[in-house]
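Colleague: This is coords_15.txt (compact mmCIF, C-alpha atoms).
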# COMPACT_ATOMS: atom_id res chain seq x y z
CA MET A 7 -16.86 18.50 25.16
CA PHE A 8 -17.83 22.14 24.67
CA ALA A 9 -21.00 21.43 26.61
CA CYS A 10 -19.00 20.18 29.57
CA VAL A 11 -16.53 23.08 29.41
CA VAL A 12 -19.34 25.64 29.44
CA ALA A 13 -21.04 23.74 32.24
CA VAL A 14 -17.82 23.80 34.26
CA ILE A 15 -17.56 27.59 33.84
CA GLY A 16 -21.15 27.89 35.04
CA GLY A 17 -20.38 25.62 37.96
CA LEU A 18 -17.29 27.65 38.93
CA LEU A 19 -19.23 30.92 38.89
CA GLY A 20 -22.16 29.40 40.74
CA SER A 21 -20.04 27.81 43.44
CA SER A 22 -18.01 30.99 43.92
CA ILE A 23 -21.26 32.67 44.96
CA GLY A 24 -23.00 29.98 46.92
CA GLY A 25 -20.47 27.35 47.94
CA ILE A 26 -20.33 23.74 46.90
CA THR A 27 -22.73 21.01 47.86
CA HIS A 28 -24.23 18.39 45.68
CA GLY A 29 -27.36 20.54 45.81
CA LEU A 30 -25.75 22.16 42.77
CA VAL A 31 -27.51 19.39 40.84
CA ASP A 32 -30.69 21.42 41.28
CA THR A 33 -29.03 24.28 39.40
CA GLY A 34 -28.63 21.92 36.47
CA LEU A 35 -32.32 21.10 36.60
CA LYS A 36 -33.23 24.77 36.78
CA SER A 37 -31.10 25.51 33.73
CA PHE A 38 -33.53 23.32 31.81
CA SER A 39 -36.13 26.01 32.33
CA VAL A 40 -33.79 28.58 30.74
CA VAL A 41 -33.25 26.58 27.58
CA ILE A 42 -36.91 25.63 27.39
CA LEU A 43 -38.04 29.26 27.67
CA GLY A 44 -35.39 30.47 25.21
CA GLY A 45 -35.79 27.63 22.76
CA LEU A 46 -33.59 24.54 22.68
CA ASP A 47 -31.59 25.39 19.57
CA SER A 48 -31.08 29.10 20.13
CA PHE A 49 -28.16 30.87 21.84
CA VAL A 50 -29.98 34.21 21.76
CA GLY A 51 -32.86 32.49 23.48
CA ALA A 52 -30.64 31.23 26.29
CA MET A 53 -29.13 34.72 26.73
CA VAL A 54 -32.54 36.34 26.88
CA ALA A 55 -34.19 33.67 28.99
CA GLY A 56 -31.41 33.38 31.56
CA PRO A 57 -32.02 36.80 33.14
CA ILE A 58 -35.79 36.33 32.85
CA ILE A 59 -35.69 33.10 34.83
CA GLY A 60 -33.19 34.51 37.31
CA LEU A 61 -35.27 37.64 37.93
CA ALA A 62 -38.50 35.67 38.10
CA GLU A 63 -36.92 33.39 40.67
CA SER A 64 -35.55 36.19 42.85
CA LEU A 65 -38.45 38.64 42.57
CA GLY A 66 -41.03 35.89 42.78
CA GLY A 67 -39.27 34.48 45.80
CA GLY A 68 -39.30 37.92 47.39
CA TYR A 69 -42.83 39.03 46.62
CA LEU A 70 -44.81 35.78 46.47
CA THR A 71 -43.64 34.25 49.73
CA GLN A 72 -46.13 36.31 51.74
CA TYR A 73 -49.05 35.06 49.63
CA VAL A 74 -48.21 31.37 49.27
CA TRP A 75 -46.16 28.95 51.36
CA GLY A 76 -42.47 29.56 51.82
CA GLY A 77 -39.83 28.20 49.52
CA VAL A 78 -41.81 29.15 46.43
CA ARG A 79 -38.52 30.39 44.97
CA ASP A 80 -37.34 26.85 44.30
CA ILE A 81 -40.20 25.82 42.07
CA ILE A 82 -40.78 29.00 40.05
CA PRO A 83 -38.55 27.70 37.21
CA PHE A 84 -40.58 24.51 37.09
CA ILE A 85 -43.88 26.37 36.99
CA ILE A 86 -42.44 28.44 34.13
CA ILE A 87 -41.53 25.20 32.32
CA ILE A 88 -45.13 23.96 32.55
CA ILE A 89 -46.56 27.30 31.36
CA VAL A 90 -44.13 27.52 28.43
CA MET A 91 -44.87 23.91 27.46
CA VAL A 92 -48.58 24.56 27.27
CA ILE A 93 -48.45 27.97 25.56
CA LYS A 94 -45.34 27.99 23.39
CA PRO A 95 -43.66 24.55 23.32
CA TYR A 96 -40.65 25.57 21.23
CA GLY A 97 -39.74 28.55 23.38
CA LEU A 98 -39.27 32.21 22.50
CA PHE A 99 -36.65 31.79 19.77
CA GLY A 100 -36.69 28.08 19.12
CA GLU A 101 -37.16 26.76 15.61
CA LYS A 102 -40.53 25.16 15.09
CA ARG A 103 -39.91 21.70 13.76
CA ILE A 104 -42.06 20.38 10.94
CA GLU A 105 -42.48 16.65 11.00
CA ARG A 106 -42.82 14.30 8.09
CA ILE A 107 -43.89 10.72 8.19
CA MET B 24 -45.84 -14.19 20.69
CA SER B 25 -44.37 -17.48 19.71
CA LEU B 26 -45.93 -20.78 20.60
CA PRO B 27 -44.00 -23.92 21.53
CA CYS B 28 -43.21 -26.27 18.67
CA GLY B 29 -46.17 -28.35 17.49
CA ILE B 30 -48.83 -26.23 19.23
CA ARG B 31 -51.34 -24.53 16.97
CA ASN B 32 -54.42 -22.46 17.62
CA TYR B 33 -57.61 -24.02 16.26
CA ASN B 34 -60.23 -21.63 17.62
CA TYR B 35 -60.56 -18.07 18.89
CA ALA B 36 -60.59 -19.11 22.54
CA GLN B 37 -57.17 -20.69 22.12
CA ASP B 38 -55.94 -17.65 20.24
CA MET B 39 -57.09 -15.34 23.03
CA ALA B 40 -55.68 -17.38 25.90
CA ILE B 41 -52.91 -15.81 27.97
CA VAL B 42 -51.84 -19.17 29.33
CA ARG B 43 -51.94 -21.52 26.40
CA THR B 44 -50.51 -24.96 27.18
CA LYS B 45 -50.76 -27.37 30.10
CA THR B 46 -47.07 -26.92 30.91
CA GLN B 47 -47.57 -23.18 31.18
CA TRP B 48 -50.54 -23.71 33.51
CA VAL B 49 -48.49 -26.03 35.71
CA MET B 50 -45.60 -23.57 35.85
CA LEU B 51 -47.89 -20.61 36.55
CA ILE B 52 -49.67 -22.41 39.39
CA GLY B 53 -46.34 -23.65 40.70
CA VAL B 54 -44.94 -20.11 40.83
CA LEU B 55 -48.13 -18.79 42.44
CA ILE B 56 -48.04 -21.51 45.13
CA LEU B 57 -44.34 -20.76 45.71
CA VAL B 58 -44.98 -17.03 46.06
CA LEU B 59 -48.09 -17.37 48.21
CA SER B 60 -46.33 -19.78 50.58
CA PHE B 61 -43.44 -17.38 51.24
CA PRO B 62 -44.72 -16.47 54.75
CA ALA B 63 -44.46 -20.13 55.77
CA TYR B 64 -40.69 -20.24 55.57
CA LEU B 65 -39.35 -16.69 55.14
CA SER B 66 -38.48 -14.34 57.99
CA ASN B 67 -40.17 -10.97 58.53
CA TYR B 68 -37.16 -9.23 57.01
CA TRP B 69 -37.57 -11.05 53.70
CA LEU B 70 -41.33 -10.51 53.73
CA GLY B 71 -40.61 -6.79 54.11
CA ILE B 72 -38.32 -6.94 51.09
CA PHE B 73 -41.00 -8.73 49.07
CA ASN B 74 -43.56 -6.13 50.15
CA ILE B 75 -41.26 -3.44 48.76
CA ILE B 76 -40.80 -5.46 45.56
CA GLY B 77 -44.58 -5.84 45.16
CA ILE B 78 -45.30 -2.15 45.74
CA THR B 79 -42.49 -1.06 43.45
CA LEU B 80 -43.73 -3.52 40.85
CA ILE B 81 -47.20 -1.98 40.83
CA ALA B 82 -45.68 1.46 40.22
CA ALA B 83 -43.34 0.08 37.57
CA LEU B 84 -46.24 -1.61 35.75
CA GLY B 85 -47.95 1.77 35.45
CA LEU B 86 -44.77 3.41 34.24
CA ASN B 87 -44.32 0.57 31.76
CA ILE B 88 -47.73 1.27 30.26
CA LEU B 89 -46.88 4.96 30.04
CA VAL B 90 -43.28 4.71 28.80
CA GLY B 91 -43.01 1.22 27.36
CA TYR B 92 -46.31 0.98 25.53
CA CYS B 93 -47.31 4.59 24.88
CA GLY B 94 -43.81 6.06 24.59
CA GLN B 95 -44.50 9.11 26.79
CA LEU B 96 -41.34 9.49 28.87
CA SER B 97 -42.17 10.35 32.49
CA ILE B 98 -39.43 11.16 35.02
CA GLY B 99 -41.86 12.25 37.71
CA HIS B 100 -43.29 8.92 38.73
CA ALA B 101 -42.24 9.20 42.38
CA GLY B 102 -44.24 12.44 42.54
CA PHE B 103 -47.39 10.65 41.40
CA ILE B 104 -46.74 7.86 43.90
CA ALA B 105 -46.48 10.57 46.56
CA VAL B 106 -49.88 11.95 45.50
CA GLY B 107 -51.43 8.52 45.99
CA ALA B 108 -49.69 7.93 49.31
CA TYR B 109 -50.72 11.27 50.80
CA THR B 110 -54.27 11.09 49.43
CA SER B 111 -54.78 7.74 51.07
CA ALA B 112 -53.07 8.80 54.29
CA ILE B 113 -55.10 12.02 54.61
CA LEU B 114 -58.39 10.29 53.82
CA THR B 115 -57.89 7.55 56.40
CA ASN B 116 -56.23 9.77 59.01
CA HIS B 117 -58.32 12.94 58.95
CA PHE B 118 -61.61 11.78 57.43
CA HIS B 119 -61.68 8.17 58.66
CA VAL B 120 -62.53 6.78 55.24
CA PRO B 121 -62.30 2.95 55.02
CA PHE B 122 -59.03 1.73 53.55
CA ILE B 123 -60.49 0.22 50.40
CA PHE B 124 -62.16 3.50 49.35
CA ALA B 125 -59.01 5.44 50.19
CA LEU B 126 -57.05 3.04 47.98
CA VAL B 127 -59.33 3.66 44.99
CA ALA B 128 -59.47 7.39 45.66
CA ALA B 129 -55.68 7.53 45.80
CA GLY B 130 -55.48 5.87 42.41
CA LEU B 131 -58.11 8.15 40.89
CA LEU B 132 -56.66 11.40 42.24
CA SER B 133 -53.18 10.39 41.19
CA GLY B 134 -54.53 9.64 37.73
CA VAL B 135 -56.22 13.03 37.51
CA ILE B 136 -53.02 14.81 38.58
CA GLY B 137 -51.24 12.73 35.96
CA ILE B 138 -53.67 13.94 33.31
CA ILE B 139 -53.05 17.56 34.32
CA PHE B 140 -49.28 17.21 34.05
CA GLY B 141 -49.68 15.05 30.95
CA LEU B 142 -51.53 17.79 29.07
CA PRO B 143 -48.31 19.18 27.49
CA SER B 144 -47.79 15.72 25.94
CA VAL B 145 -50.39 16.67 23.35
CA ARG B 146 -48.10 19.36 21.98
CA VAL B 147 -44.60 18.15 22.82
CA LYS B 148 -42.86 14.82 23.09
CA GLY B 149 -39.58 13.16 23.97
CA PHE B 150 -37.11 15.42 25.73
CA TYR B 151 -39.58 18.27 26.28
CA LEU B 152 -42.10 15.95 27.91
CA ALA B 153 -39.41 14.47 30.16
CA ILE B 154 -38.60 17.96 31.46
CA THR B 155 -42.29 18.69 32.04
CA THR B 156 -42.61 15.59 34.19
CA ILE B 157 -39.46 16.56 36.12
CA ALA B 158 -41.24 19.84 36.82
CA ALA B 159 -44.28 17.87 37.98
CA GLN B 160 -42.14 15.92 40.42
CA PHE B 161 -40.68 19.05 42.03
CA ILE B 162 -43.98 20.95 42.17
CA ILE B 163 -45.79 17.99 43.79
CA ILE B 164 -43.08 17.47 46.40
CA TRP B 165 -43.03 21.21 47.16
CA ILE B 166 -46.77 21.27 47.69
CA ILE B 167 -46.57 18.23 49.98
CA ASN B 168 -43.78 19.81 51.99
CA HIS B 169 -45.62 23.07 52.56
CA TRP B 170 -49.30 22.19 52.80
CA GLY B 171 -50.36 21.95 56.43
CA ILE B 172 -52.63 18.93 56.05
CA THR B 173 -49.78 16.67 54.92
CA GLY B 174 -47.67 17.27 58.00
CA GLY B 175 -45.00 19.11 56.03
CA PHE B 176 -41.37 18.23 56.62
CA ASN B 177 -42.22 16.28 59.77
CA GLY B 178 -44.22 13.72 57.83
CA MET B 179 -47.35 12.05 59.12
CA SER B 180 -48.23 8.73 60.66
CA VAL B 181 -50.66 6.49 58.83
CA PRO B 182 -52.88 3.76 60.31
CA TYR B 183 -52.32 0.26 59.02
CA ALA B 184 -54.60 -0.93 56.27
CA SER B 185 -57.81 -2.54 57.53
CA LEU B 186 -60.50 -4.42 55.70
CA PHE B 187 -63.84 -5.43 57.29
CA GLY B 188 -62.40 -4.93 60.76
CA PHE B 189 -59.22 -6.89 60.07
CA GLU B 190 -56.05 -4.86 60.52
CA PHE B 191 -53.05 -5.63 58.30
CA ALA B 192 -50.51 -5.06 61.06
CA SER B 193 -48.23 -8.09 60.68
CA LYS B 194 -45.79 -8.47 57.82
CA THR B 195 -47.51 -11.69 56.73
CA SER B 196 -50.94 -10.08 56.28
CA GLN B 197 -49.36 -7.09 54.52
CA PHE B 198 -47.56 -9.50 52.23
CA TYR B 199 -50.84 -11.13 51.17
CA LEU B 200 -52.50 -7.73 50.69
CA VAL B 201 -49.66 -6.46 48.52
CA ILE B 202 -49.20 -9.67 46.55
CA ILE B 203 -52.88 -10.01 45.67
CA ILE B 204 -53.07 -6.44 44.40
CA THR B 205 -49.79 -6.98 42.54
CA ILE B 206 -51.15 -10.08 40.81
CA MET B 207 -54.29 -8.18 39.83
CA GLY B 208 -52.10 -5.36 38.51
CA VAL B 209 -49.95 -7.72 36.42
CA PHE B 210 -53.07 -9.33 34.98
CA PHE B 211 -54.58 -5.93 34.13
CA ALA B 212 -51.33 -4.68 32.58
CA LYS B 213 -50.98 -7.87 30.54
CA ASN B 214 -54.52 -7.57 29.26
CA ILE B 215 -54.43 -3.87 28.47
CA ALA B 216 -51.58 -4.47 26.03
CA ARG B 217 -53.75 -6.87 24.01
CA THR B 218 -56.83 -4.70 23.70
CA LYS B 219 -57.71 -1.86 21.34
CA VAL B 220 -56.30 0.59 23.87
CA GLY B 221 -52.96 -1.20 24.03
CA ARG B 222 -52.68 -1.34 20.26
CA ALA B 223 -53.43 2.38 20.05
CA PHE B 224 -50.69 3.01 22.64
CA ILE B 225 -48.20 1.00 20.60
CA ALA B 226 -49.17 2.89 17.43
CA ILE B 227 -48.60 6.19 19.25
CA ARG B 228 -45.23 5.00 20.56
CA ASP B 229 -44.01 3.98 17.12
CA ASN B 230 -45.09 7.16 15.37
CA ASP B 231 -47.72 9.44 16.80
CA LEU B 232 -48.34 11.39 13.58
CA ALA B 233 -48.90 8.18 11.64
CA ALA B 234 -51.19 6.95 14.40
CA GLU B 235 -53.24 10.13 14.21
CA VAL B 236 -53.53 9.80 10.45
CA MET B 237 -54.78 6.25 10.93
CA GLY B 238 -57.55 7.49 13.19
CA VAL B 239 -56.16 7.13 16.68
CA ASN B 240 -57.39 9.98 18.84
CA LEU B 241 -54.05 11.29 20.16
CA LEU B 242 -55.45 13.54 22.90
CA TYR B 243 -57.66 10.81 24.31
CA TYR B 244 -55.15 7.98 24.23
CA LYS B 245 -52.14 9.97 25.48
CA LEU B 246 -54.13 11.27 28.43
CA LEU B 247 -55.56 7.78 29.00
CA ALA B 248 -52.00 6.44 29.15
CA PHE B 249 -51.13 9.10 31.71
CA PHE B 250 -54.26 8.26 33.69
CA ILE B 251 -53.60 4.50 33.76
CA GLY B 252 -49.91 4.92 34.51
CA CYS B 253 -50.56 7.32 37.36
CA PHE B 254 -53.51 5.25 38.62
CA PHE B 255 -51.06 2.38 39.19
CA ALA B 256 -48.69 4.84 40.86
CA GLY B 257 -51.46 6.00 43.18
CA ILE B 258 -52.36 2.44 44.18
CA ALA B 259 -48.68 1.73 44.86
CA GLY B 260 -48.40 4.91 46.91
CA SER B 261 -51.46 4.04 48.98
CA LEU B 262 -50.08 0.57 49.74
CA LEU B 263 -46.70 2.07 50.58
CA ALA B 264 -48.30 4.51 53.01
CA HIS B 265 -50.34 1.84 54.76
CA THR B 266 -47.51 -0.65 55.13
CA THR B 267 -44.69 1.64 56.30
CA TYR B 268 -46.69 3.43 59.02
CA THR B 269 -44.93 6.80 58.61
CA LEU B 270 -44.90 9.03 55.57
CA ASN B 271 -42.37 11.65 54.58
CA ALA B 272 -41.73 13.48 51.33
CA GLU B 273 -38.13 12.25 51.48
CA GLN B 274 -39.42 8.82 50.44
CA PHE B 275 -40.38 10.16 47.01
CA SER B 276 -37.20 11.77 45.74
CA PHE B 277 -36.21 12.68 42.22
CA THR B 278 -33.65 9.88 42.32
CA ASP B 279 -36.45 7.37 42.84
CA SER B 280 -38.22 8.68 39.75
CA ILE B 281 -35.12 8.08 37.65
CA LEU B 282 -34.68 4.67 39.24
CA TYR B 283 -38.22 3.65 38.24
CA VAL B 284 -37.38 4.45 34.61
CA GLY B 285 -34.13 2.52 35.08
CA MET B 286 -35.99 -0.51 36.41
CA ILE B 287 -38.30 -0.85 33.44
CA ILE B 288 -35.47 -0.24 30.96
CA ILE B 289 -33.35 -2.93 32.62
CA GLY B 290 -36.30 -5.31 32.60
CA GLY B 291 -37.29 -4.53 29.03
CA LEU B 292 -39.60 -1.80 27.78
CA GLY B 293 -43.00 -2.72 26.46
CA THR B 294 -43.19 -6.25 27.84
CA THR B 295 -45.14 -7.67 30.76
CA LEU B 296 -42.25 -9.72 32.09
CA GLY B 297 -39.85 -6.78 31.89
CA PRO B 298 -41.01 -4.76 34.90
CA ILE B 299 -41.21 -7.90 37.03
CA LEU B 300 -37.61 -8.92 36.31
CA GLY B 301 -36.32 -5.36 36.44
CA VAL B 302 -37.94 -4.54 39.77
CA ILE B 303 -36.81 -7.78 41.41
CA PHE B 304 -33.29 -7.26 40.09
CA VAL B 305 -32.93 -3.63 41.13
CA VAL B 306 -34.64 -3.91 44.52
CA LEU B 307 -32.70 -7.02 45.52
CA LEU B 308 -29.47 -5.37 44.38
CA GLN B 309 -30.16 -2.08 46.13
CA LYS B 310 -31.80 -3.25 49.35
CA VAL B 311 -30.22 -6.65 49.99
CA LEU B 312 -27.16 -7.53 47.99
CA LEU B 313 -25.21 -4.29 48.44
CA PRO B 314 -25.98 -3.21 52.04
CA VAL B 315 -26.29 -6.67 53.60
CA TYR B 316 -23.64 -8.68 51.77
CA LEU B 317 -21.21 -6.44 49.89
CA VAL B 318 -20.59 -3.70 52.48
CA PRO B 319 -19.70 -6.04 55.40
CA PHE B 320 -17.57 -8.09 53.02
CA LEU B 321 -15.63 -5.01 51.91
CA GLU B 322 -15.21 -3.86 55.50
CA ARG B 323 -13.78 -7.24 56.47
CA THR B 324 -11.48 -7.46 53.46
CA PHE B 325 -10.05 -3.93 53.24
CA THR B 326 -9.45 -3.08 56.90
CA ASN B 327 -6.82 -0.41 56.26
CA PHE B 328 -9.14 1.89 54.30
CA PRO B 329 -11.00 4.72 56.07
CA ALA B 330 -14.32 4.01 57.75
CA GLY B 331 -16.76 5.34 55.12
CA PHE B 332 -15.05 3.47 52.31
CA ALA B 333 -17.31 0.45 52.04
CA SER B 334 -20.62 2.32 52.28
CA GLY B 335 -19.29 4.80 49.72
CA VAL B 336 -18.40 2.07 47.27
CA ALA B 337 -21.86 0.47 47.37
CA PRO B 338 -23.65 3.16 45.28
CA MET B 339 -20.80 3.07 42.78
CA VAL B 340 -21.14 -0.70 42.42
CA PHE B 341 -24.89 -0.22 42.04
CA GLY B 342 -24.38 2.25 39.19
CA LEU B 343 -21.73 0.06 37.61
CA VAL B 344 -24.02 -2.99 37.61
CA LEU B 345 -26.85 -0.98 36.02
CA VAL B 346 -24.53 0.33 33.30
CA LEU B 347 -23.14 -3.15 32.66
CA VAL B 348 -26.62 -4.64 32.35
CA LEU B 349 -27.56 -1.99 29.82
CA VAL B 350 -24.35 -2.47 27.84
CA LEU B 351 -24.57 -6.27 27.76
CA GLU B 352 -28.35 -6.52 27.54
CA PRO B 353 -29.65 -3.44 25.71
CA ARG B 354 -33.11 -4.90 25.15
CA GLY B 355 -33.60 -5.82 28.77
CA LEU B 356 -33.63 -8.94 30.89
CA SER B 357 -36.94 -10.13 29.42
CA HIS B 358 -35.34 -10.33 25.97
CA ARG B 359 -32.64 -12.61 27.37
CA TRP B 360 -35.36 -14.74 28.95
CA SER B 361 -37.16 -15.12 25.62
CA LEU B 362 -33.85 -16.10 23.98
CA ILE B 363 -33.37 -18.77 26.62
CA LYS B 364 -36.90 -20.04 26.04
CA ALA B 365 -36.40 -20.18 22.28
CA ALA B 366 -33.12 -22.03 22.69
CA TYR B 367 -34.80 -24.52 25.03
CA ARG B 368 -37.63 -25.18 22.60
CA LEU B 369 -35.35 -25.74 19.62
CA TRP B 370 -32.69 -27.75 21.43
CA PRO B 371 -30.64 -29.60 20.15
CA PHE B 372 -31.00 -27.67 16.90
CA SER B 373 -29.64 -24.14 16.78
CA TYR B 374 -32.49 -22.71 14.66
Rewrite the structure from the file as structure tokens, please.

Modeller:
Amino acid sequence: MFACVVAVIGGLLGSSIGGITHGLVDTGLKSFSVVILGGLDSFVGAMVAGPIIGLAESLGGGYLTQYVWGGVRDIIPFIIIIIVMVIKPYGLFGEKRIERI
Amino acid sequence: MSLPCGIRNYNYAQDMAIVRTKTQWVMLIGVLILVLSFPAYLSNYWLGIFNIIGITLIAALGLNILVGYCGQLSIGHAGFIAVGAYTSAILTNHFHVPFIFALVAAGLLSGVIGIIFGLPSVRVKGFYLAITTIAAQFIIIWIINHWGITGGFNGMSVPYASLFGFEFASKTSQFYLVIIITIMGVFFAKNIARTKVGRAFIAIRDNDLAAEVMGVNLLYYKLLAFFIGCFFAGIAGSLLAHTTYTLNAEQFSFTDSILYVGMIIIGGLGTTLGPILGVIFVVLLQKVLLPVYLVPFLERTFTNFPAGFASGVAPMVFGLVLVLVLVLEPRGLSHRWSLIKAAYRLWPFSY
């Protein structure tokens, strides 16, 4: 329930800036990149990673568009996901899980 | 792998046989004759539907190897199908490569792209891997939309498949092309589950650490699973491109990727029969039952509702049916089929 309440707050803020379409679903997918970069079980991680992803998206969209094809803004979070997965799978602040058999 | 009552294996050849008894042979040949004679009595519309079923089935077989046997969740399958479709389309359109080579090249390139996006699977699994494959889907579609050679948002037209000068332009010829490759795919998928590779996949699915301790090379087999799964996707994409004539990135949406996972879960993960039943069920429901029968029925029955009512209800019914199937049949349609078979063999006794 808390998850949904927090998601609703995010949705309200997001739609007050950009307006409502069901393209908001993409925002949900992009928020995956925030939790992945911050670490899945870390609030601090989400707080730190949120601005990083947001800035990377905006600045990257602004500066990279002249070098690569347009619309690069939309996939920067996904590229970040791939890079984080390869380099640091549990994110910046995530707890590294030790597995037993 | 249960045999009918009173049938025992006396030598290795019998133990290895896929089709074991005479009854099974008769039924298999009967079904094959039934399927191959579809063009004799079905209209072009239904042949088109069966083409879609065949192509979707090839993709679902690959996903079944990846998710059902090896346990590596992939929600980017439509992206890999798109790689195959565009590879084949570009090769035949711009470089005039014969169709059969373009088909194989589409499979191979799709498999290689699958390996690249499957690399994180060596370090992460489950939820993390699912998100990585979502990322793969969006990156692939973005590249297709913006790279000049693919025609971008406008899409591109693709020549029909041709083999030794024969062009597969009619629905009937396309049906035979698709169905033969589908049968080969089913046979390959059935066999791969019984080999060393398939057993290694199953060991990795059940517990990858334990599998590694037992001597299964995780890196090799996980990437092999990605390669085989995406190879099937590439073949399916190539066939899709050469039977629909036009190609657009809209055909490979994120929703389709989720639907592919849904199909194999509804059919039954990790079985050969599962994808077949799941694909037939979902495609018939989505393409025929809802738009052709349910929507006109609703429009006739509820005349006082607004105009978009019936077409709006159809997706909801679709979702409801999928949820109901999963609630009532959590192990998939193929499990129900094996229960029916067991009941038939033991009848009139209950055990």

Colleague: Would you write out, as CSV, a table of all residues in chain B that have an atom no more than 8 Å from an atom of chain A, listing for each the closest atom pair and the distance in Å to one decimal, considering only C-alpha atoms and ordering rows by chain and rising residue number?

Modeller:
residue,atom,partner,partner_atom,distance
B:Leu142,CA,A:Val92,CA,7.6
B:Pro143,CA,A:Val92,CA,5.4
B:Arg146,CA,A:Pro95,CA,7.0
B:Val147,CA,A:Pro95,CA,6.5
B:Tyr151,CA,A:Met91,CA,7.8
B:Ile154,CA,A:Phe38,CA,7.4
B:Thr155,CA,A:Ile88,CA,6.0
B:Ala158,CA,A:Phe84,CA,4.7
B:Ala159,CA,A:Phe84,CA,7.7
B:Phe161,CA,A:Ile81,CA,6.8
B:Ile162,CA,A:Ile81,CA,6.2
B:Trp165,CA,A:Ile81,CA,7.4
B:His169,CA,A:Trp75,CA,6.0
B:Trp170,CA,A:Trp75,CA,7.6
B:Leu232,CA,A:Ile107,CA,7.0
B:Ala233,CA,A:Ile107,CA,6.6

Colleague: Hey, can you check how far CA of Leu270 (chain B) sits from CA of Gln309 (chain B)?

Modeller: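 For CA of Leu270 (chain B) relative to CA of Gln309 (chain B), the distance reads 20.7 Å.
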
Colleague: For Leu262 (chain B), please output as a list in words all residues within 9 Å (counting all atoms listed in the file; exclusion window: fewer than 2 positions along the same chain).

Modeller: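 So, after excluding close chain neighbours, the residues are Ile78, Gly107, Ala108, Ser111, Leu126, Ala184, Leu200, Val201, Gly257, Ile258, Ala259, Gly260, Ala264, His265, Thr266 and Thr267 of chain B.
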
Colleague: Within 12 Å of Gly297 (chain B), counting all atoms listed in the file, which residues qualify if same-chain residues fewer than 6 places away don't, as JSON, numbers by chain?

Modeller: {"B": [80, 83, 84, 86, 87, 88, 91, 92, 209, 212, 213, 284, 285, 286, 287, 288, 289, 290, 291, 303, 304, 305, 354, 355, 356, 357, 358, 359, 360, 361]}

Colleague: In Å, rounded to a single decimal, give me how far CA of Gln37 (chain B) is from CA of Phe224 (chain B).

Modeller: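 Distance reported for this atom pair: 24.6 Å.
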
Colleague: Suppose you want the space between CA of Lys194 (chain B) and CA of Tyr283 (chain B); what is it in Å?

Modeller: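 We find that CA of Lys194 (chain B) and CA of Tyr283 (chain B) lie 24.2 Å from each other.
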
Colleague: Which residue is closest to Ile167 (chain B)? Choose from B:Val90, B:Ala226, B:Ile75, B:Ala272 and count only C-alpha atoms.

Modeller: B:Ala272

Colleague: For a cut-off of 8 Å around (-56.7, 6.0, 38.2), file coordinates, pick out all residues using all atoms listed in the file and list them as number ranges by chain.

Modeller: B: 127, 129-135, 250-255, 257
